[in-house]
file protein.cif (mmCIF, C-alpha atoms and all ligand atoms)
data_my_file
loop_
_atom_site.label_atom_id
_atom_site.label_comp_id
_atom_site.auth_asym_id
_atom_site.auth_seq_id
_atom_site.Cartn_x
_atom_site.Cartn_y
_atom_site.Cartn_z
CA MET X 1 0.00 0.00 0.00
CA HIS X 2 0.96 3.64 -0.34
CA TYR X 3 -1.25 6.22 1.33
CA ASP X 4 -1.70 9.98 1.71
CA ALA X 5 -0.33 10.80 5.17
CA THR X 6 -2.20 14.12 5.30
CA ARG X 7 -5.58 12.47 4.75
CA ASN X 8 -4.43 9.33 6.61
CA ASP X 9 -6.45 7.23 4.16
CA HIS X 10 -4.64 3.94 4.90
CA GLY X 11 -7.96 2.14 5.24
CA LEU X 12 -6.68 0.06 8.15
CA ALA X 13 -8.58 -0.30 11.41
CA LEU X 14 -5.70 1.34 13.31
CA ASP X 15 -3.21 4.01 12.25
CA PRO X 16 0.01 2.16 11.32
CA PHE X 17 2.37 5.18 11.73
CA LYS X 18 3.77 4.36 15.16
CA ALA X 19 4.28 0.71 14.21
CA LEU X 20 6.63 1.90 11.44
CA ILE X 21 9.03 4.14 13.39
CA VAL X 22 10.43 1.55 15.72
CA PRO X 23 11.72 0.97 18.27
CA ARG X 24 11.23 4.35 19.96
CA PRO X 25 13.15 4.86 23.20
CA ILE X 26 11.03 5.90 26.14
CA GLY X 27 11.90 9.07 28.02
CA TRP X 28 10.43 8.55 31.45
CA ILE X 29 10.24 12.19 32.43
CA SER X 30 10.31 13.44 36.01
CA SER X 31 9.63 17.12 36.67
CA LEU X 32 8.49 19.56 39.35
CA GLY X 33 5.73 22.16 39.19
CA ALA X 34 6.29 25.68 40.54
CA ASP X 35 4.19 24.62 43.55
CA GLY X 36 6.64 21.75 44.26
CA SER X 37 4.34 19.02 42.92
CA VAL X 38 6.19 15.99 41.54
CA ASN X 39 5.40 14.43 38.18
CA LEU X 40 6.53 11.34 36.30
CA ALA X 41 5.30 10.16 32.88
CA PRO X 42 6.58 8.14 29.88
CA TYR X 43 7.07 9.74 26.46
CA SER X 44 8.05 7.68 23.43
CA PHE X 45 8.24 10.56 20.98
CA PHE X 46 11.64 10.84 22.61
CA ASN X 47 15.26 10.69 21.54
CA ALA X 48 18.71 12.24 21.68
CA MET X 49 19.61 14.82 19.03
CA SER X 50 23.30 15.27 19.71
CA ASP X 51 26.03 14.22 22.14
CA THR X 52 28.55 17.07 22.57
CA PRO X 53 26.74 18.81 24.08
CA ALA X 54 23.96 16.33 24.53
CA TYR X 55 20.42 17.44 23.75
CA VAL X 56 17.27 15.35 24.12
CA PHE X 57 13.67 16.03 23.18
CA PHE X 58 10.19 14.68 23.74
CA GLY X 59 6.92 15.38 21.93
CA SER X 60 3.80 16.16 23.90
CA ALA X 61 0.33 15.66 22.43
CA GLY X 62 -1.26 18.68 24.03
CA ARG X 63 -0.33 20.65 27.11
CA LYS X 64 0.23 17.84 29.59
CA ASP X 65 1.64 18.16 33.12
CA SER X 66 5.24 17.44 32.09
CA ILE X 67 5.50 20.28 29.56
CA ARG X 68 3.71 22.67 31.93
CA ASN X 69 6.09 21.84 34.78
CA ILE X 70 9.20 22.04 32.61
CA GLU X 71 8.24 25.41 31.15
CA GLU X 72 7.51 26.64 34.71
CA THR X 73 10.62 25.39 36.48
CA GLY X 74 13.14 24.87 33.67
CA GLU X 75 14.40 21.39 34.54
CA PHE X 76 13.58 17.72 34.05
CA VAL X 77 15.07 14.24 34.26
CA CYS X 78 14.78 11.47 31.63
CA ASN X 79 14.86 8.10 33.38
CA LEU X 80 15.57 4.90 31.47
CA ALA X 81 12.55 2.62 31.15
CA THR X 82 13.56 -1.01 31.62
CA TRP X 83 12.00 -4.46 31.50
CA ASP X 84 12.05 -4.74 35.30
CA LEU X 85 10.21 -1.41 35.61
CA ARG X 86 7.77 -1.96 32.74
CA GLU X 87 4.61 -2.14 34.90
CA ALA X 88 5.64 1.02 36.76
CA VAL X 89 6.34 2.82 33.46
CA ASN X 90 2.84 1.97 32.29
CA ALA X 91 1.26 2.92 35.63
CA THR X 92 2.79 6.41 35.46
CA SER X 93 1.00 7.08 32.16
CA ALA X 94 -2.38 7.16 33.94
CA ARG X 95 -4.44 10.29 33.34
CA VAL X 96 -4.45 11.71 36.85
CA ALA X 97 -4.81 15.20 38.37
CA ARG X 98 -1.77 17.46 38.28
CA HIS X 99 -1.07 17.28 42.01
CA VAL X 100 -0.89 13.44 41.96
CA ASP X 101 2.67 12.16 42.49
CA GLU X 102 3.13 9.30 40.01
CA PHE X 103 6.18 8.02 41.93
CA GLU X 104 3.78 7.20 44.77
CA LEU X 105 1.12 5.94 42.38
CA ALA X 106 3.55 3.40 40.90
CA GLY X 107 5.33 2.53 44.18
CA LEU X 108 8.66 4.02 43.04
CA ALA X 109 11.34 5.58 45.22
CA LYS X 110 12.84 9.01 44.51
CA ALA X 111 16.58 9.58 44.44
CA PRO X 112 18.01 13.11 44.48
CA SER X 113 19.49 14.42 41.24
CA ARG X 114 22.86 16.16 41.40
CA TYR X 115 22.52 19.07 38.94
CA VAL X 116 18.75 19.67 38.82
CA LYS X 117 15.91 19.72 41.35
CA PRO X 118 13.52 17.04 39.99
CA PRO X 119 14.29 13.62 41.51
CA ARG X 120 15.20 10.59 39.43
CA VAL X 121 13.59 7.18 39.72
CA ALA X 122 15.80 5.43 42.29
CA GLU X 123 15.24 2.01 40.66
CA THR X 124 16.36 3.02 37.16
CA PRO X 125 19.94 2.29 36.00
CA VAL X 126 20.28 5.53 33.98
CA ALA X 127 18.99 9.10 34.32
CA PHE X 128 19.69 12.23 32.28
CA GLU X 129 19.44 15.48 34.23
CA CYS X 130 18.29 18.20 31.83
CA ARG X 131 17.93 21.98 31.66
CA TYR X 132 15.00 23.17 29.58
CA GLU X 133 16.18 24.73 26.34
CA GLN X 134 13.09 25.52 24.25
CA THR X 135 9.69 24.37 23.09
CA VAL X 136 9.06 23.94 19.39
CA ARG X 137 5.35 24.17 18.61
CA LEU X 138 4.37 22.07 15.61
CA ALA X 139 1.79 23.18 13.06
CA GLY X 140 -1.13 20.88 12.34
CA HIS X 141 -2.36 19.97 8.88
CA ASP X 142 -2.80 22.99 6.58
CA HIS X 143 -0.31 24.94 8.76
CA GLU X 144 -2.90 25.57 11.45
CA ALA X 145 -1.75 25.46 15.08
CA GLY X 146 -1.28 21.82 15.98
CA GLY X 147 -1.65 20.28 19.36
CA TYR X 148 1.91 18.90 19.44
CA ALA X 149 4.90 20.55 21.00
CA VAL X 150 8.48 19.33 21.23
CA VAL X 151 10.39 20.06 24.42
CA VAL X 152 14.16 20.27 24.05
CA GLY X 153 16.50 19.86 26.98
CA ARG X 154 20.25 20.10 27.39
CA VAL X 155 21.73 17.22 29.37
CA VAL X 156 23.79 18.57 32.28
CA GLY X 157 24.26 15.42 34.37
CA ILE X 158 24.11 11.68 33.72
CA TYR X 159 23.61 9.00 36.35
CA ILE X 160 24.68 5.41 35.53
CA ASP X 161 24.33 2.57 38.01
CA ASP X 162 27.92 1.29 38.33
CA ARG X 163 26.68 -2.31 38.27
CA PHE X 164 26.08 -1.90 34.54
CA ILE X 165 29.58 -0.66 33.71
CA HIS X 166 31.94 -3.48 32.74
CA GLU X 167 35.52 -2.90 31.57
CA GLY X 168 34.81 0.75 30.77
CA ARG X 169 31.67 0.09 28.72
CA VAL X 170 27.99 0.29 29.55
CA ASP X 171 26.34 -3.11 29.25
CA THR X 172 23.18 -2.04 27.45
CA ALA X 173 21.72 -5.52 27.10
CA ALA X 174 22.07 -6.14 30.85
CA MET X 175 19.94 -3.06 31.61
CA LYS X 176 17.16 -4.45 29.38
CA PRO X 177 15.79 -1.10 28.15
CA ILE X 178 12.27 -1.25 26.76
CA ALA X 179 11.12 0.61 23.69
CA ARG X 180 7.77 1.48 22.20
CA LEU X 181 6.39 0.02 18.99
CA GLY X 182 2.89 0.61 17.56
CA TYR X 183 -0.48 -0.20 19.14
CA SER X 184 0.22 -1.50 22.66
CA GLU X 185 3.40 -3.31 21.61
CA TYR X 186 6.83 -2.91 23.16
CA ALA X 187 10.30 -4.34 22.48
CA VAL X 188 13.02 -5.20 24.96
CA ILE X 189 16.74 -4.90 24.18
CA ASP X 190 18.43 -7.88 25.77
CA GLU X 191 20.73 -8.81 22.91
CA VAL X 192 23.02 -6.60 20.81
CA PHE X 193 25.36 -7.08 17.85
CA ARG X 194 28.42 -5.12 16.79
CA MET X 195 29.33 -3.81 13.36
CA ARG X 196 32.33 -1.62 12.63
CA ARG X 197 32.10 1.31 10.23
CA PRO X 198 34.20 1.03 7.10
CA ASP X 199 37.57 2.86 7.34
C1 LIG X 201 5.08 3.97 26.79
C2 LIG X 201 4.28 5.23 26.64
C3 LIG X 201 4.72 6.24 25.80
C4 LIG X 201 4.01 7.44 25.68
N1 LIG X 201 4.48 8.41 24.85
C5 LIG X 201 3.84 9.61 24.76
C6 LIG X 201 4.36 10.65 23.93
O1 LIG X 201 5.38 10.52 23.27
N2 LIG X 201 3.68 11.82 23.91
C7 LIG X 201 2.55 12.03 24.64
O2 LIG X 201 1.98 13.12 24.58
N3 LIG X 201 2.04 11.06 25.43
C8 LIG X 201 2.67 9.87 25.52
N4 LIG X 201 2.18 8.88 26.34
C9 LIG X 201 1.02 9.18 27.18
C10 LIG X 201 1.46 9.95 28.44
O3 LIG X 201 2.38 9.19 29.21
C11 LIG X 201 0.21 10.26 29.29
O4 LIG X 201 -0.62 11.14 28.58
C12 LIG X 201 0.55 10.85 30.64
O5 LIG X 201 -0.61 10.93 31.42
C13 LIG X 201 1.16 12.23 30.54
O6 LIG X 201 1.52 12.60 31.85
P1 LIG X 201 1.72 14.09 32.34
O7 LIG X 201 0.42 14.84 32.09
O8 LIG X 201 1.99 13.87 33.80
O9 LIG X 201 2.88 14.69 31.60
C14 LIG X 201 2.83 7.64 26.43
C15 LIG X 201 2.35 6.60 27.26
C16 LIG X 201 3.07 5.41 27.36
C17 LIG X 201 2.56 4.31 28.25
#

call {"tool": "encode", "arguments": {"input": "protein.cif", "output": "structure tokens"}}
result
Amino acid sequence: MHYDATRNDHGLALDPFKALIVPRPIGWISSLGADGSVNLAPYSFFNAMSDTPAYVFFGSAGRKDSIRNIEETGEFVCNLATWDLREAVNATSARVARHVDEFELAGLAKAPSRYVKPPRVAETPVAFECRYEQTVRLAGHDHEAGGYAVVVGRVVGIYIDDRFIHEGRVDTAAMKPIARLGYSEYAVIDEVFRMRRPD
């Protein structure tokens, strides 16, 4: 098939788009509101854009609590979503009132961050401490204001659980990161292969 992505006339029961850009890493975003409220939620329109300096982004479908908090207080943390934490990741996506602390909702512990105020998920092996850089608002179809916004953050601190560092390298497969596919499907990275670039 070949369909018009503006009209989305794929004719399928479910939109296939997210099943085609895979796997998408999950930014499990912790943030604080100006009133000190704590928030945690998964975002799979998430990735790194660069490494020196490191920038990350996530895309929000509408003005959710995470984007509100980050624009208010200027900081956030991206926690790594893993196989062991998969149920907690899902639980923190619940549509709850802004004052609800999703760490408590999902039975997660908070660990202090070093360079920013929002806590990280204590159970996660990796966390990126970020300073808010900018929000890019995306136009909808026909260049009208769309509901999506992309939040960009500059990574200022990185936590890695030392148990996953072996001989100077991070053991990605041992951390078992999970990633989002389409529909309600996920992938887990528990096996990797190496390939060297041509000289
Ligand atoms: C694995 C996963 C990935 C998600 N990715 C996104 C995303 O990229 N963008 C988005 O707007 N919502 C996404 N959601 C839904 C949000 O997590 C959900 O709307 C949540 O309530 C937002 O929380 P907040 O209002 O506290 O920021 C995702 C949910 C799950 C379970």

call {"tool": "closest_residue", "arguments": {"input": "protein.cif", "among": "X:Ala34, X:Ala109, X:Ala122, X:Val150", "to": "ligand LIG 201 (chain X)", "atoms": "all atoms listed in the file"}}
result
X:Val150

call {"tool": "axis_aligned_box", "arguments": {"input": "protein.cif", "around": "ligand LIG 201 (chain X)", "padding_each_side": "8 Å", "output": "AutoDock Vina command-line options"}}
result
--center_x 2.4 --center_y 9.4 --center_z 28.5 --size_x 22.0 --size_y 26.9 --size_z 26.5

call {"tool": "closest_atom_pairs", "arguments": {"input": "protein.cif", "of": "chain X", "to": "ligand LIG 201 (chain X)", "cutoff": "6 Å", "atoms": "all atoms listed in the file", "output": "JSON lines"}}
result
{"residue": "X:Asn39", "atom": "CA", "partner": "X:LIG201", "partner_atom": "O8", "distance": 5.6}
{"residue": "X:Leu40", "atom": "CA", "partner": "X:LIG201", "partner_atom": "O8", "distance": 5.8}
{"residue": "X:Ala41", "atom": "CA", "partner": "X:LIG201", "partner_atom": "O6", "distance": 4.6}
{"residue": "X:Pro42", "atom": "CA", "partner": "X:LIG201", "partner_atom": "O3", "distance": 4.4}
{"residue": "X:Tyr43", "atom": "CA", "partner": "X:LIG201", "partner_atom": "N1", "distance": 3.3}
{"residue": "X:Ser44", "atom": "CA", "partner": "X:LIG201", "partner_atom": "O1", "distance": 3.9}
{"residue": "X:Phe45", "atom": "CA", "partner": "X:LIG201", "partner_atom": "O1", "distance": 3.7}
{"residue": "X:Gly59", "atom": "CA", "partner": "X:LIG201", "partner_atom": "N2", "distance": 5.2}
{"residue": "X:Ser60", "atom": "CA", "partner": "X:LIG201", "partner_atom": "O2", "distance": 3.6}
{"residue": "X:Ala61", "atom": "CA", "partner": "X:LIG201", "partner_atom": "O2", "distance": 3.7}
{"residue": "X:Lys64", "atom": "CA", "partner": "X:LIG201", "partner_atom": "O7", "distance": 3.9}
{"residue": "X:Asp65", "atom": "CA", "partner": "X:LIG201", "partner_atom": "O7", "distance": 3.7}
{"residue": "X:Ser66", "atom": "CA", "partner": "X:LIG201", "partner_atom": "O9", "distance": 3.7}
{"residue": "X:Asn90", "atom": "CA", "partner": "X:LIG201", "partner_atom": "C17", "distance": 4.7}
{"residue": "X:Ser93", "atom": "CA", "partner": "X:LIG201", "partner_atom": "O3", "distance": 3.9}
{"residue": "X:Ala94", "atom": "CA", "partner": "X:LIG201", "partner_atom": "O5", "distance": 4.9}
{"residue": "X:Arg95", "atom": "CA", "partner": "X:LIG201", "partner_atom": "O5", "distance": 4.3}
{"residue": "X:Arg180", "atom": "CA", "partner": "X:LIG201", "partner_atom": "C1", "distance": 5.9}

call {"tool": "atom_distance", "arguments": {"input": "protein.cif", "atom1": "CA of Leu85 (chain X)", "atom2": "CA of Ile178 (chain X)"}}
result
9.1 Å

call {"tool": "closest_residue", "arguments": {"input": "protein.cif", "among": "X:Pro16, X:Gly147, X:Pro25, X:Pro53", "to": "Pro177 (chain X)", "atoms": "all atoms listed in the file"}}
result
X:Pro25

call {"tool": "closest_residue", "arguments": {"input": "protein.cif", "among": "X:Leu138, X:Phe164, X:Asp51, X:Thr124", "to": "Asp84 (chain X)", "atoms": "all atoms listed in the file"}}
result
X:Thr124

call {"tool": "atom_distance", "arguments": {"input": "protein.cif", "atom1": "CA of Phe103 (chain X)", "atom2": "CA of Thr73 (chain X)"}}
result
18.7 Å

call {"tool": "atom_distance", "arguments": {"input": "protein.cif", "atom1": "CA of Cys130 (chain X)", "atom2": "CA of Val56 (chain X)"}}
result
8.3 Å

call {"tool": "closest_residue", "arguments": {"input": "protein.cif", "among": "X:Trp83, X:Tyr183, X:Phe17, X:Tyr55", "to": "Val152 (chain X)", "atoms": "all atoms listed in the file"}}
result
X:Tyr55

call {"tool": "closest_residue", "arguments": {"input": "protein.cif", "among": "X:Arg163, X:Arg120, X:Lys176, X:Arg63", "to": "Arg86 (chain X)", "atoms": "only C-alpha atoms"}}
result
X:Lys176

call {"tool": "closest_residue", "arguments": {"input": "protein.cif", "among": "X:Phe46, X:Phe58, X:Trp28, X:Tyr159", "to": "Glu133 (chain X)", "atoms": "only C-alpha atoms"}}
result
X:Phe58

call {"tool": "build_atoms", "arguments": {"input": "protein.cif", "residues": "region 34-46 of chain X", "atoms": "N, CA, C and O atoms", "output": "CSV table (one decimal), in the coordinates of the input"}}
result
chain,number,residue,atom,x,y,z
X,34,ALA,N,5.9,24.5,39.7
X,34,ALA,CA,6.3,25.7,40.5
X,34,ALA,C,5.8,25.6,42.0
X,34,ALA,O,6.4,26.1,42.9
X,35,ASP,N,4.7,24.8,42.2
X,35,ASP,CA,4.2,24.6,43.6
X,35,ASP,C,4.9,23.4,44.3
X,35,ASP,O,4.5,23.1,45.4
X,36,GLY,N,5.9,22.9,43.6
X,36,GLY,CA,6.6,21.8,44.3
X,36,GLY,C,6.1,20.4,44.0
X,36,GLY,O,6.6,19.4,44.4
X,37,SER,N,4.9,20.3,43.2
X,37,SER,CA,4.3,19.0,42.9
X,37,SER,C,5.3,18.2,42.0
X,37,SER,O,6.0,18.7,41.2
X,38,VAL,N,5.3,16.9,42.2
X,38,VAL,CA,6.2,16.0,41.5
X,38,VAL,C,5.4,15.3,40.4
X,38,VAL,O,4.3,14.8,40.7
X,39,ASN,N,6.1,15.1,39.3
X,39,ASN,CA,5.4,14.4,38.2
X,39,ASN,C,6.3,13.4,37.5
X,39,ASN,O,7.6,13.6,37.5
X,40,LEU,N,5.7,12.4,37.0
X,40,LEU,CA,6.5,11.3,36.3
X,40,LEU,C,5.6,10.7,35.2
X,40,LEU,O,4.5,10.3,35.5
X,41,ALA,N,6.1,10.7,34.0
X,41,ALA,CA,5.3,10.2,32.9
X,41,ALA,C,6.2,9.7,31.7
X,41,ALA,O,7.3,10.3,31.5
X,42,PRO,N,5.8,8.6,31.0
X,42,PRO,CA,6.6,8.1,29.9
X,42,PRO,C,6.2,8.9,28.6
X,42,PRO,O,5.1,9.1,28.3
X,43,TYR,N,7.3,9.1,27.8
X,43,TYR,CA,7.1,9.7,26.5
X,43,TYR,C,7.9,9.0,25.4
X,43,TYR,O,9.1,8.9,25.6
X,44,SER,N,7.3,8.4,24.4
X,44,SER,CA,8.0,7.7,23.4
X,44,SER,C,8.3,8.5,22.1
X,44,SER,O,9.0,7.9,21.3
X,45,PHE,N,7.7,9.7,22.0
X,45,PHE,CA,8.2,10.6,21.0
X,45,PHE,C,9.4,11.2,21.6
X,45,PHE,O,9.4,12.4,22.1
X,46,PHE,N,10.5,10.4,21.8
X,46,PHE,CA,11.6,10.8,22.6
X,46,PHE,C,12.9,10.4,21.9
X,46,PHE,O,13.0,9.2,21.4
